[in-house]
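Below: structure-v3.cif (mmCIF, C-alpha atoms)
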data_model
#
loop_
_atom_site.group_PDB
_atom_site.id
_atom_site.type_symbol
_atom_site.label_atom_id
_atom_site.label_comp_id
_atom_site.auth_asym_id
_atom_site.auth_seq_id
_atom_site.Cartn_x
_atom_site.Cartn_y
_atom_site.Cartn_z
ATOM 1 C CA MET A 1 -8.782 -10.647 -6.341
ATOM 2 C CA ARG A 2 -12.258 -10.380 -4.805
ATOM 3 C CA THR A 3 -13.224 -13.845 -6.136
ATOM 4 C CA ARG A 4 -10.132 -15.353 -4.546
ATOM 5 C CA ILE A 5 -10.869 -13.681 -1.229
ATOM 6 C CA LEU A 6 -14.471 -14.882 -1.174
ATOM 7 C CA PHE A 7 -13.341 -18.414 -2.007
ATOM 8 C CA LEU A 8 -10.943 -18.366 0.951
ATOM 9 C CA LEU A 9 -13.563 -16.981 3.290
ATOM 10 C CA PHE A 10 -16.277 -19.490 2.481
ATOM 11 C CA PHE A 11 -14.249 -22.632 1.855
ATOM 12 C CA LEU A 12 -11.628 -22.516 4.614
ATOM 13 C CA PRO A 13 -11.871 -25.627 6.828
ATOM 14 C CA LEU A 14 -14.191 -25.141 9.781
ATOM 15 C CA VAL A 15 -12.568 -24.659 13.182
ATOM 16 C CA VAL A 16 -13.226 -27.110 15.991
ATOM 17 C CA VAL A 17 -16.842 -26.987 17.196
ATOM 18 C CA GLY A 18 -17.208 -24.462 19.998
ATOM 19 C CA GLN A 19 -14.392 -22.198 18.809
ATOM 20 C CA ARG A 20 -15.215 -18.767 17.441
ATOM 21 C CA THR A 21 -13.340 -15.725 16.231
ATOM 22 C CA LYS A 22 -14.294 -12.184 17.131
ATOM 23 C CA ILE A 23 -12.316 -9.119 16.097
ATOM 24 C CA VAL A 24 -13.120 -5.885 17.916
ATOM 25 C CA PHE A 25 -11.530 -2.695 16.511
ATOM 26 C CA ASN A 26 -10.906 0.202 18.876
ATOM 27 C CA GLU A 27 -12.226 2.484 16.113
ATOM 28 C CA LYS A 28 -13.558 1.983 12.601
ATOM 29 C CA ALA A 29 -13.139 5.517 11.266
ATOM 30 C CA TYR A 30 -10.326 8.050 11.502
ATOM 31 C CA ASN A 31 -10.211 11.704 10.404
ATOM 32 C CA PHE A 32 -6.735 13.048 9.587
ATOM 33 C CA GLY A 33 -8.032 16.610 9.723
ATOM 34 C CA LYS A 34 -6.216 18.995 7.384
ATOM 35 C CA ILE A 35 -3.206 17.599 5.504
ATOM 36 C CA ASP A 36 -0.662 19.581 3.496
ATOM 37 C CA GLU A 37 -0.314 17.976 0.065
ATOM 38 C CA GLY A 38 3.382 18.716 -0.217
ATOM 39 C CA LYS A 39 4.371 17.009 3.046
ATOM 40 C CA GLY A 40 3.831 13.479 1.778
ATOM 41 C CA THR A 41 2.182 10.298 3.013
ATOM 42 C CA VAL A 42 0.355 10.126 6.351
ATOM 43 C CA SER A 43 -0.479 6.955 8.285
ATOM 44 C CA HIS A 44 -2.902 5.678 10.883
ATOM 45 C CA ALA A 45 -2.999 2.309 12.661
ATOM 46 C CA PHE A 46 -6.390 0.751 13.353
ATOM 47 C CA THR A 47 -5.825 -1.586 16.314
ATOM 48 C CA PHE A 48 -8.034 -4.509 17.244
ATOM 49 C CA ILE A 49 -8.365 -7.200 19.902
ATOM 50 C CA ASN A 50 -9.220 -10.854 19.363
ATOM 51 C CA LYS A 51 -12.094 -11.305 21.825
ATOM 52 C CA GLY A 52 -12.969 -14.767 20.567
ATOM 53 C CA ASN A 53 -11.627 -18.094 21.807
ATOM 54 C CA ALA A 54 -9.750 -19.106 18.636
ATOM 55 C CA PRO A 55 -6.786 -17.581 16.751
ATOM 56 C CA VAL A 56 -7.681 -15.139 13.986
ATOM 57 C CA SER A 57 -5.723 -14.025 10.915
ATOM 58 C CA ILE A 58 -6.133 -11.145 8.492
ATOM 59 C CA ILE A 59 -6.506 -12.668 5.003
ATOM 60 C CA ASP A 60 -6.528 -9.500 2.914
ATOM 61 C CA VAL A 61 -7.303 -5.776 2.994
ATOM 62 C CA ASP A 62 -9.018 -3.990 0.104
ATOM 63 C CA VAL A 63 -8.705 -0.242 -0.483
ATOM 64 C CA SER A 64 -10.739 2.059 -2.704
ATOM 65 C CA CYS A 65 -7.898 3.765 -4.616
ATOM 66 C CA GLY A 66 -4.169 3.694 -5.344
ATOM 67 C CA CYS A 67 -3.598 6.654 -3.009
ATOM 68 C CA THR A 68 -4.265 4.336 -0.042
ATOM 69 C CA THR A 69 -2.041 1.366 0.842
ATOM 70 C CA PRO A 70 -2.486 -0.989 3.812
ATOM 71 C CA LYS A 71 -0.213 -3.191 5.874
ATOM 72 C CA TRP A 72 -1.339 -5.530 8.626
ATOM 73 C CA SER A 73 -0.346 -8.129 11.188
ATOM 74 C CA ASP A 74 0.495 -11.184 9.105
ATOM 75 C CA HIS A 75 0.657 -13.703 11.974
ATOM 76 C CA PRO A 76 -2.295 -15.357 13.767
ATOM 77 C CA ILE A 77 -3.622 -13.234 16.633
ATOM 78 C CA LEU A 78 -4.329 -15.386 19.680
ATOM 79 C CA PRO A 79 -7.370 -14.824 21.949
ATOM 80 C CA GLY A 80 -6.842 -11.707 24.056
ATOM 81 C CA GLN A 81 -3.997 -10.405 21.893
ATOM 82 C CA GLU A 82 -3.905 -7.243 19.779
ATOM 83 C CA GLY A 83 -3.252 -6.746 16.085
ATOM 84 C CA SER A 84 -3.380 -3.806 13.716
ATOM 85 C CA VAL A 85 -4.142 -2.631 10.190
ATOM 86 C CA THR A 86 -2.084 0.413 9.210
ATOM 87 C CA VAL A 87 -3.398 2.612 6.409
ATOM 88 C CA ASN A 88 -1.032 4.891 4.473
ATOM 89 C CA PHE A 89 -2.622 7.755 2.540
ATOM 90 C CA SER A 90 -0.835 9.784 -0.128
ATOM 91 C CA PRO A 91 -2.392 13.266 -0.521
ATOM 92 C CA ILE A 92 -0.856 13.842 -3.952
ATOM 93 C CA ASN A 93 -3.559 15.037 -6.386
ATOM 94 C CA GLN A 94 -6.192 14.587 -3.673
ATOM 95 C CA SER A 95 -6.838 18.256 -2.869
ATOM 96 C CA GLY A 96 -10.056 18.996 -1.012
ATOM 97 C CA LYS A 97 -12.117 16.767 1.249
ATOM 98 C CA PHE A 98 -11.678 13.009 0.936
ATOM 99 C CA SER A 99 -13.247 9.829 2.299
ATOM 100 C CA LYS A 100 -11.678 6.420 1.578
ATOM 101 C CA LYS A 101 -13.079 2.981 2.343
ATOM 102 C CA ILE A 102 -10.963 0.077 3.584
ATOM 103 C CA VAL A 103 -12.363 -3.454 3.888
ATOM 104 C CA VAL A 104 -10.672 -6.025 6.149
ATOM 105 C CA TYR A 105 -11.168 -9.742 5.431
ATOM 106 C CA ALA A 106 -10.303 -12.161 8.252
ATOM 107 C CA THR A 107 -10.805 -15.808 9.138
ATOM 108 C CA GLY A 108 -14.138 -16.835 10.559
ATOM 109 C CA HIS A 109 -16.052 -15.284 7.611
ATOM 110 C CA THR A 110 -15.249 -11.847 9.040
ATOM 111 C CA VAL A 111 -15.597 -8.714 6.899
ATOM 112 C CA ILE A 112 -15.001 -5.357 8.599
ATOM 113 C CA PRO A 113 -15.299 -1.945 6.870
ATOM 114 C CA LEU A 114 -13.011 0.902 7.969
ATOM 115 C CA LYS A 115 -12.803 4.494 6.776
ATOM 116 C CA ILE A 116 -10.301 7.342 6.665
ATOM 117 C CA SER A 117 -11.213 10.926 5.866
ATOM 118 C CA GLY A 118 -9.842 14.450 6.002
ATOM 119 C CA GLU A 119 -9.053 17.461 3.855
ATOM 120 C CA VAL A 120 -5.980 18.041 1.704
ATOM 121 C CA ASN A 121 -4.545 21.530 1.356
ATOM 122 C CA ALA A 122 -2.972 21.963 -2.087
ATOM 123 C CA GLU A 123 0.505 23.473 -1.914
ATOM 124 C CA ALA A 124 3.030 24.803 -4.377
ATOM 125 C CA ILE A 125 6.037 22.503 -4.390
ATOM 126 C CA ASN A 126 9.737 22.737 -5.159
ATOM 127 C CA PRO A 127 10.498 19.848 -7.559
ATOM 128 C CA GLU A 128 14.166 19.593 -6.585
ATOM 129 C CA THR A 129 13.318 19.472 -2.870
ATOM 130 C CA ASN A 130 10.160 17.366 -2.825
ATOM 131 C CA PHE A 131 11.115 15.118 -5.755
ATOM 132 C CA PRO A 132 14.925 14.889 -5.668
ATOM 133 C CA PHE A 133 15.294 11.867 -8.003
ATOM 134 C CA ALA A 134 14.755 12.279 -11.740
ATOM 135 C CA ILE A 135 13.902 10.176 -14.788
ATOM 136 C CA GLY A 136 14.353 12.971 -17.269
ATOM 137 C CA SER A 137 11.581 15.489 -16.521
ATOM 138 C CA LEU A 138 9.648 12.929 -14.441
ATOM 139 C CA ARG A 139 10.790 13.325 -10.851
ATOM 140 C CA MET A 140 10.400 10.929 -7.898
ATOM 141 C CA SER A 141 10.206 11.345 -4.120
ATOM 142 C CA THR A 142 12.622 8.416 -3.602
ATOM 143 C CA ASP A 143 14.536 5.832 -5.628
ATOM 144 C CA SER A 144 14.379 2.984 -3.121
ATOM 145 C CA VAL A 145 11.604 0.645 -1.939
ATOM 146 C CA ARG A 146 11.492 -1.927 0.878
ATOM 147 C CA LEU A 147 8.909 -4.714 0.761
ATOM 148 C CA ASP A 148 8.184 -7.648 3.072
ATOM 149 C CA ALA A 149 5.250 -9.587 4.562
ATOM 150 C CA ASN A 150 4.508 -6.769 7.035
ATOM 151 C CA GLN A 151 4.789 -3.978 4.470
ATOM 152 C CA ARG A 152 3.561 -5.392 1.187
ATOM 153 C CA SER A 153 3.067 -2.066 -0.537
ATOM 154 C CA GLN A 154 4.836 1.264 -0.888
ATOM 155 C CA ILE A 155 4.115 4.441 -2.828
ATOM 156 C CA ILE A 156 6.646 6.576 -4.689
ATOM 157 C CA GLN A 157 5.307 10.032 -5.500
ATOM 158 C CA LEU A 158 5.881 11.375 -9.007
ATOM 159 C CA PHE A 159 5.887 14.857 -10.568
ATOM 160 C CA ASN A 160 6.203 16.051 -14.156
ATOM 161 C CA ALA A 161 8.601 18.984 -13.921
ATOM 162 C CA GLY A 162 8.832 19.409 -17.692
ATOM 163 C CA LYS A 163 6.810 21.283 -20.296
ATOM 164 C CA LYS A 164 5.543 18.259 -22.262
ATOM 165 C CA ASN A 165 3.313 15.298 -21.436
ATOM 166 C CA ILE A 166 5.144 12.262 -20.082
ATOM 167 C CA ALA A 167 4.063 8.624 -20.369
ATOM 168 C CA ILE A 168 5.698 5.557 -18.855
ATOM 169 C CA THR A 169 6.363 3.246 -21.802
ATOM 170 C CA SER A 170 7.765 0.159 -20.041
ATOM 171 C CA ILE A 171 8.647 -1.212 -16.602
ATOM 172 C CA SER A 172 11.101 -4.068 -15.960
ATOM 173 C CA LYS A 173 10.494 -5.636 -12.527
ATOM 174 C CA PRO A 174 10.754 -8.825 -10.419
ATOM 175 C CA GLY A 175 7.959 -11.371 -10.921
ATOM 176 C CA ASP A 176 6.702 -11.130 -7.332
ATOM 177 C CA VAL A 177 6.224 -7.347 -7.450
ATOM 178 C CA VAL A 178 3.170 -5.715 -9.038
ATOM 179 C CA ILE A 179 3.589 -2.070 -10.082
ATOM 180 C CA ASP A 180 0.791 0.338 -10.960
ATOM 181 C CA TYR A 181 0.789 4.081 -11.539
ATOM 182 C CA THR A 182 -1.658 6.947 -11.811
ATOM 183 C CA PRO A 183 -2.336 8.921 -13.903
ATOM 184 C CA VAL A 184 -1.623 7.113 -17.192
ATOM 185 C CA LEU A 185 -0.421 10.377 -18.744
ATOM 186 C CA PHE A 186 1.485 12.974 -16.710
ATOM 187 C CA LEU A 187 0.671 16.496 -17.857
ATOM 188 C CA PRO A 188 3.131 19.314 -17.008
ATOM 189 C CA ASN A 189 3.134 20.117 -13.267
ATOM 190 C CA LEU A 190 0.920 17.083 -12.572
ATOM 191 C CA ARG A 191 1.670 14.813 -9.626
ATOM 192 C CA GLY A 192 0.967 11.111 -9.328
ATOM 193 C CA ASN A 193 1.812 7.839 -7.605
ATOM 194 C CA LEU A 194 3.879 4.789 -8.468
ATOM 195 C CA VAL A 195 2.499 1.917 -6.352
ATOM 196 C CA PHE A 196 4.547 -1.191 -5.509
ATOM 197 C CA LEU A 197 2.765 -4.343 -4.263
ATOM 198 C CA TYR A 198 4.670 -7.406 -3.003
ATOM 199 C CA THR A 199 3.063 -10.787 -3.789
ATOM 200 C CA PRO A 200 5.189 -13.532 -2.132
ATOM 201 C CA MET A 201 5.827 -16.551 -4.354
ATOM 202 C CA ASP A 202 6.736 -20.112 -3.430
ATOM 203 C CA GLY A 203 10.411 -20.853 -3.944
ATOM 204 C CA LYS A 204 11.598 -17.274 -3.477
ATOM 205 C CA LYS A 205 13.921 -17.525 -0.466
ATOM 206 C CA GLY A 206 16.387 -15.139 1.109
ATOM 207 C CA LYS A 207 16.606 -11.361 1.236
ATOM 208 C CA ARG A 208 17.026 -9.944 -2.246
ATOM 209 C CA TYR A 209 18.165 -6.687 -3.768
ATOM 210 C CA GLU A 210 16.367 -6.119 -7.059
ATOM 211 C CA ARG A 211 16.241 -3.365 -9.669
ATOM 212 C CA VAL A 212 13.217 -1.855 -11.365
ATOM 213 C CA LEU A 213 13.871 -0.114 -14.674
ATOM 214 C CA ILE A 214 11.406 2.498 -15.928
ATOM 215 C CA ASN A 215 11.381 3.954 -19.443
ATOM 216 C CA THR A 216 9.411 7.028 -20.537
ATOM 217 C CA ASN A 217 8.466 8.555 -23.875
ATOM 218 C CA GLU A 218 11.314 11.053 -23.361
ATOM 219 C CA GLY A 219 13.702 8.219 -24.236
ATOM 220 C CA VAL A 220 15.281 8.081 -20.774
ATOM 221 C CA MET A 221 15.475 5.238 -18.255
ATOM 222 C CA GLY A 222 15.266 5.416 -14.457
ATOM 223 C CA LEU A 223 16.455 2.965 -11.831
ATOM 224 C CA ILE A 224 14.661 2.114 -8.572
ATOM 225 C CA HIS A 225 16.295 -0.103 -5.953
ATOM 226 C CA VAL A 226 13.949 -2.657 -4.339
ATOM 227 C CA THR A 227 14.783 -4.669 -1.213
ATOM 228 C CA ILE A 228 12.572 -7.758 -0.768
ATOM 229 C CA THR A 229 12.450 -9.845 2.415
ATOM 230 C CA PRO A 230 10.320 -13.034 2.145
ATOM 231 C CA PRO A 231 7.993 -13.883 5.071
ATOM 232 C CA ASP A 232 10.181 -16.771 6.310
ATOM 233 C CA ASP A 233 13.194 -14.481 6.669
ATOM 234 C CA LEU A 234 11.571 -11.780 8.835
ATOM 235 C CA SER A 235 12.147 -13.721 12.058
ATOM 236 C CA ARG A 236 15.814 -14.398 11.389
#
Whole structure, structure tokens version:
Amino acid sequence: MRTRILFLLFFLPLVVVGQRTKIVFNEKAYNFGKIDEGKGTVSHAFTFINKGNAPVSIIDVDVSCGCTTPKWSDHPILPGQEGSVTVNFSPINQSGKFSKKIVVYATGHTVIPLKISGEVNAEAINPETNFPFAIGSLRMSTDSVRLDANQRSQIIQLFNAGKKNIAITSISKPGDVVIDYTPVLFLPNLRGNLVFLYTPMDGKKGKRYERVLINTNEGVMGLIHVTITPPDDLSR
């Protein structure tokens, strides 16, 4: 991923002589303060202005862990206009103080570091209330995901409500969706994240309703509904 990004940054065609891009963020660090672990994902939008004299686009955004997912303005930002990078943070299994790095890559060889921080208060949870959807003893915060060019990632929170260790043994998914999860092994009463990442592919047209099938070592299968809207269909 990083190699691809660097290739794009250093080998993109040069803009017309005299044009320059300049992104100015209103802030580069944000402190959430104290967050209750059981209340789910929190978000913050880092806004910026294009103070250059040429359009600028966000190429990619890197994050330091699976608990943090970004979404950003996917269209070129004209001179004088505003854009944003929204950072979603899941406090599950992140009790205590935290500091997460976000790196924004944009046209014009621009690399901008951002940071979120705060403190997570660990809370006792009610599995049936906080994780109402079940794959056997492995429970989920939701069973539906929506992905598009503006929101390329989404987190489903997981919880092992059983008395034995649970492992995900297989995942059946669409080819343009990458799925990762942490931890690899869910101990009893351990929480985690199931991370969905949308990677648009050429030839995939039209809004789609897909299914993701998840199997665990308990011998049970769970179903997650995924709605995918390709970039070209967002304006329709």
Inset, instruction - Rank nothing, just name the residue among A:Ile59, A:Ala122, A:Lys34, A:Thr21 nearest to Leu78 (chain A), using all atoms listed in the file. - result: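 Ranked by minimum distance to Leu78 (chain A), first place goes to A:Thr21.
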Considering all atoms listed in the file, tabulate each residue of region 73-126 of chain A that lies at most 9 Å from region 151-171 of chain A along with its nearest interatomic pair and the corresponding distance in Å to one decimal; arrange the rows by chain and ascending residue number and present them as JSON lines.
{"residue": "A:Asn88", "atom": "CA", "partner": "A:Gln154", "partner_atom": "CA", "distance": 8.7}
{"residue": "A:Ser90", "atom": "CA", "partner": "A:Ile155", "partner_atom": "CA", "distance": 7.8}
{"residue": "A:Ile92", "atom": "CA", "partner": "A:Gln157", "partner_atom": "CA", "distance": 7.4}
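Nearest residue to Val87 (chain A) among A:Ala134, A:Ala29, A:Glu37, A:Glu123 is A:Ala29, counting all atoms listed in the file.
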Take every atom of region 63-82 of chain A listed in the file, pad by 5 Å on each side, and give me the axis-aligned box centre and edge lengths in Å, one decimal, as JSON.
{"center_x": -5.0, "center_y": -4.4, "center_z": 9.4, "size_x": 21.4, "size_y": 32.0, "size_z": 39.4}
Inset, instruction - Using the chain letters and residue numbers of this document, give as a list in words the residues selected by the PyMOL selection byres ((chain A and resi 131) around 12). - result: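 Applying the expression gives Gly38, Lys39, Gly40, Ile125, Asn126, Pro127, Glu128, Thr129, Asn130, Pro132, Phe133, Ala134, Ile135, Ser137, Leu138, Arg139, Met140, Ser141, Thr142, Asp143, Ile156, Gln157, Leu158, Phe159, Asn160, Ala161, Arg191, Gly192 and Asn193 of chain A.
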Legend entry - Expansion of the PyMOL selection byres ((chain A and resi 231) around 12) into residues, as a list in words: Ser73, Asp74, His75, Leu147, Asp148, Ala149, Asn150, Gln151, Arg152, Tyr198, Thr199, Pro200, Met201, Asp202, Gly203, Lys204, Lys205, Gly206, Lys207, Ile228, Thr229, Pro230, Asp232, Asp233, Leu234, Ser235 and Arg236 of chain A
Inset, instruction - Given the file shown, enumerate the residues that the PyMOL selection byres ((chain A and resi 113) around 12) captures and present them as a list in words. - result: Val24, Phe25, Glu27, Lys28, Ala29, Phe46, Val61, Asp62, Val63, Ser64, Val85, Lys100, Lys101, Ile102, Val103, Val104, Tyr105, Ala106, Thr110, Val111, Ile112, Leu114, Lys115 and Ile116 of chain A
Legend entry - One-decimal distance in Å that lies between CA of Thr107 (chain A) and CA of Val177 (chain A): 25.2 Å
Legend entry - Between CA of Leu223 (chain A) and CA of Cys65 (chain A), distance in Å (one decimal): 25.4 Å
Inset, instruction - Using CA of Gly66 (chain A) and CA of His109 (chain A) as the two end points, give the distance in Å to one decimal. - result: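 One can read the CA of Gly66 (chain A) to CA of His109 (chain A) distance as 25.9 Å.
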Legend entry - Residue nearest Pro70 (chain A) among A:Arg208, A:Lys173, A:Val195, A:Lys97 (counting all atoms listed in the file): A:Val195
Inset, instruction - Have a look at A:Gly118, A:Gly33, A:Gly222, A:Pro79 and name the one nearest to Gln94 (chain A); count all atoms listed in the file. - result: A:Gly118
